[in-house]
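Novice: Next up is a structure, given as structure tokens.
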Amino acid sequence: MDEQMLAREFTAAVRAEPPLGFDPDEVVTRVARRRHRRRTILLACAGVVIAAAAAVAIPVTRPVPGVPVQPAAPPRPSPPAGERWWPPGTGELPQPTDARIGARAPQIAEHLEAVLPEMLPPGEPIRRDSLTTGHFGGIMPTSQRGVGITEHGGPEDTGYYLAVDVYVPTNPVKRFQPRQLCAAMKTQISPSTTCRYTAVGTSGILMTSEADTTDREGTLQHSITVTDFRADGSYVVVHLGGTIGVTGPLPLTAEELATLAQDPGLNF
């Protein structure tokens, strides 16, 4: 079979096939256009990303000539616990009603007397000396309302006294720093007073003070006072000291008194 016959047979076969239903040249053209459009979109997106990265990087890598770069401000350190202002906030504090204070007073005393035997030496006698409620004054910048409890531990004629007070400052509240309170204690109680402060959370303060004083019988007494200035504006004072005229070791450490002062059961 020669080449002319092959050409005639191929032409006849192609003519006998049904039409394709599309123009091959048009298909090729559409594919080319789609590829070009996709490449254009990808390049445009890449350009946006590069421009965004450049915009972020400009302040760091390309400072404006003649304008000094300001160094980043160092983080502001938190003030020492003794220099924190308390109570937190600037407004007035919620005040418990007299009925609430009266109802909570025996409950707080009972809770205290349930906790103390677990902290004291086994078999150590402890008995309530007083339970009072009302409006109190004192060394604080403002007066306070709340509950005062005094417990007598150890032998009847000797032993020690433990006072626990749960207070809320009266309005209008006068804010202060615990170190200011310590300075007043040095003046009004004893120059030997020493104070330590511990930050509790973001606005609470635990203040521990110790002092050596001479009682009215001339006996040198060592005392420990722990005050838990709480974030809700209330505070608990725990004071431990010896019986007048009797010198002896105290049954609880400052750390144990701090645990007692922070007891969540001592609240309104």
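By order in the structure tokens, chains are A, B, ...; within a chain, residues start at 1; ligands start at 1, following the order shown.
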To test your reading of the structure, identify every residue in range 40-265 of chain A that backbone DSSP assigns to strand (DSSP E or B), and report it as a PDB file with C-alpha atoms, in the first residue's frame.

Specialist:
```
ATOM      1  CA  TRP A  86      -4.819  48.366 101.222  1.00  0.00           C
ATOM      2  CA  ILE A 126      -7.955  25.808 125.775  1.00  0.00           C
ATOM      3  CA  ARG A 127     -10.934  27.797 127.040  1.00  0.00           C
ATOM      4  CA  ARG A 128     -12.782  30.856 125.841  1.00  0.00           C
ATOM      5  CA  ASP A 129     -12.095  33.989 127.825  1.00  0.00           C
ATOM      6  CA  SER A 130     -14.284  36.459 125.912  1.00  0.00           C
ATOM      7  CA  LEU A 131     -16.429  36.921 122.800  1.00  0.00           C
ATOM      8  CA  THR A 132     -17.407  40.451 121.791  1.00  0.00           C
ATOM      9  CA  THR A 133     -18.963  42.113 118.769  1.00  0.00           C
ATOM     10  CA  GLY A 134     -19.366  45.732 117.817  1.00  0.00           C
ATOM     11  CA  HIS A 135     -17.583  48.841 116.626  1.00  0.00           C
ATOM     12  CA  PHE A 136     -13.907  49.065 117.595  1.00  0.00           C
ATOM     13  CA  GLN A 144     -13.675  48.708 112.351  1.00  0.00           C
ATOM     14  CA  ARG A 145     -16.688  46.508 112.934  1.00  0.00           C
ATOM     15  CA  GLY A 146     -16.536  42.833 113.677  1.00  0.00           C
ATOM     16  CA  VAL A 147     -15.849  40.075 116.182  1.00  0.00           C
ATOM     17  CA  GLY A 148     -13.185  39.746 118.876  1.00  0.00           C
ATOM     18  CA  ILE A 149     -12.384  36.400 120.552  1.00  0.00           C
ATOM     19  CA  THR A 150      -9.876  35.709 123.331  1.00  0.00           C
ATOM     20  CA  GLU A 151      -8.799  32.180 124.247  1.00  0.00           C
ATOM     21  CA  HIS A 152      -6.754  31.214 127.315  1.00  0.00           C
ATOM     22  CA  GLY A 153      -4.521  28.191 126.859  1.00  0.00           C
ATOM     23  CA  TYR A 160      -0.932  32.204 127.370  1.00  0.00           C
ATOM     24  CA  TYR A 161      -3.588  34.249 125.612  1.00  0.00           C
ATOM     25  CA  LEU A 162      -4.620  33.973 121.985  1.00  0.00           C
ATOM     26  CA  ALA A 163      -6.744  36.785 120.565  1.00  0.00           C
ATOM     27  CA  VAL A 164      -8.452  36.443 117.174  1.00  0.00           C
ATOM     28  CA  ASP A 165     -10.262  39.410 115.630  1.00  0.00           C
ATOM     29  CA  VAL A 166     -12.248  39.400 112.380  1.00  0.00           C
ATOM     30  CA  TYR A 167     -12.908  42.931 111.143  1.00  0.00           C
ATOM     31  CA  VAL A 168     -14.142  45.071 108.270  1.00  0.00           C
ATOM     32  CA  PRO A 169     -12.974  48.730 108.155  1.00  0.00           C
ATOM     33  CA  PHE A 176      -2.730  52.753 103.896  1.00  0.00           C
ATOM     34  CA  THR A 194       9.813  43.932 113.769  1.00  0.00           C
ATOM     35  CA  CYS A 195       7.585  43.384 110.738  1.00  0.00           C
ATOM     36  CA  ARG A 196       7.617  41.017 107.784  1.00  0.00           C
ATOM     37  CA  TYR A 197       5.306  41.170 104.796  1.00  0.00           C
ATOM     38  CA  THR A 198       4.163  38.567 102.294  1.00  0.00           C
ATOM     39  CA  ALA A 199       2.106  39.292  99.194  1.00  0.00           C
ATOM     40  CA  VAL A 200      -1.029  37.159  98.905  1.00  0.00           C
ATOM     41  CA  GLY A 204      -3.761  40.636  99.730  1.00  0.00           C
ATOM     42  CA  ILE A 205      -1.003  41.137 102.315  1.00  0.00           C
ATOM     43  CA  LEU A 206       0.140  38.992 105.216  1.00  0.00           C
ATOM     44  CA  MET A 207       1.906  41.009 107.915  1.00  0.00           C
ATOM     45  CA  THR A 208       3.808  39.330 110.761  1.00  0.00           C
ATOM     46  CA  SER A 209       5.079  41.428 113.659  1.00  0.00           C
ATOM     47  CA  GLU A 210       6.960  40.407 116.795  1.00  0.00           C
ATOM     48  CA  ALA A 211       7.805  42.497 119.839  1.00  0.00           C
ATOM     49  CA  ASP A 212       9.340  42.259 123.300  1.00  0.00           C
ATOM     50  CA  THR A 213       7.509  44.318 125.915  1.00  0.00           C
ATOM     51  CA  THR A 214       7.462  44.584 129.699  1.00  0.00           C
ATOM     52  CA  LEU A 220       9.482  40.689 129.763  1.00  0.00           C
ATOM     53  CA  GLN A 221       6.989  39.216 127.323  1.00  0.00           C
ATOM     54  CA  HIS A 222       7.458  38.130 123.729  1.00  0.00           C
ATOM     55  CA  SER A 223       4.414  38.380 121.474  1.00  0.00           C
ATOM     56  CA  ILE A 224       3.598  37.527 117.865  1.00  0.00           C
ATOM     57  CA  THR A 225       0.890  39.172 115.786  1.00  0.00           C
ATOM     58  CA  VAL A 226      -0.144  38.064 112.308  1.00  0.00           C
ATOM     59  CA  THR A 227      -2.597  40.125 110.263  1.00  0.00           C
ATOM     60  CA  ASP A 228      -4.168  38.819 107.083  1.00  0.00           C
ATOM     61  CA  PHE A 229      -5.255  41.831 105.011  1.00  0.00           C
ATOM     62  CA  TYR A 235      -8.875  41.393 107.761  1.00  0.00           C
ATOM     63  CA  VAL A 236      -8.052  38.909 110.517  1.00  0.00           C
ATOM     64  CA  VAL A 237      -5.691  39.666 113.407  1.00  0.00           C
ATOM     65  CA  VAL A 238      -4.191  36.788 115.416  1.00  0.00           C
ATOM     66  CA  HIS A 239      -2.198  37.795 118.510  1.00  0.00           C
ATOM     67  CA  LEU A 240      -0.344  35.405 120.830  1.00  0.00           C
ATOM     68  CA  GLY A 241       1.263  36.448 124.117  1.00  0.00           C
ATOM     69  CA  GLY A 242       1.997  35.191 127.615  1.00  0.00           C
TER      70      GLY A 242
END
```

Novice: Let's see if you can do this: from backbone DSSP, list all alpha helix (DSSP H) residues in range 59-218 of chain A, as a PyMOL selection string.

Specialist: chain A and resi 59-61+98-119+178-188

Novice: Quick one: residues within 7 Å of range 244-254 of chain A, only C-alpha atoms, excluding same-chain residues fewer than 2 positions away - as a list in words?

Specialist: Leu120, Thr158, Asp215, Glu217, Thr219, Gln221, Ile224, Gly242, Glu256, Leu257 and Ala258 of chain A

Novice: If I take CA of Ala114 in chain A and CA of Gly233 in chain A, how far is one from the other in Å, to one decimal?

Specialist: 25.4 Å

Novice: Quick one: distance from CA of Pro141 in chain A to CA of Lys174 in chain A in Å, one decimal?

Specialist: 6.3 Å

Novice: Have a look at A:Pro264, A:His111, A:Glu83, A:Thr142 and name the one nearest to Asn171 in chain A; count only C-alpha atoms.

Specialist: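 Answer, going by the shortest atom-to-atom distance: A:Thr142.
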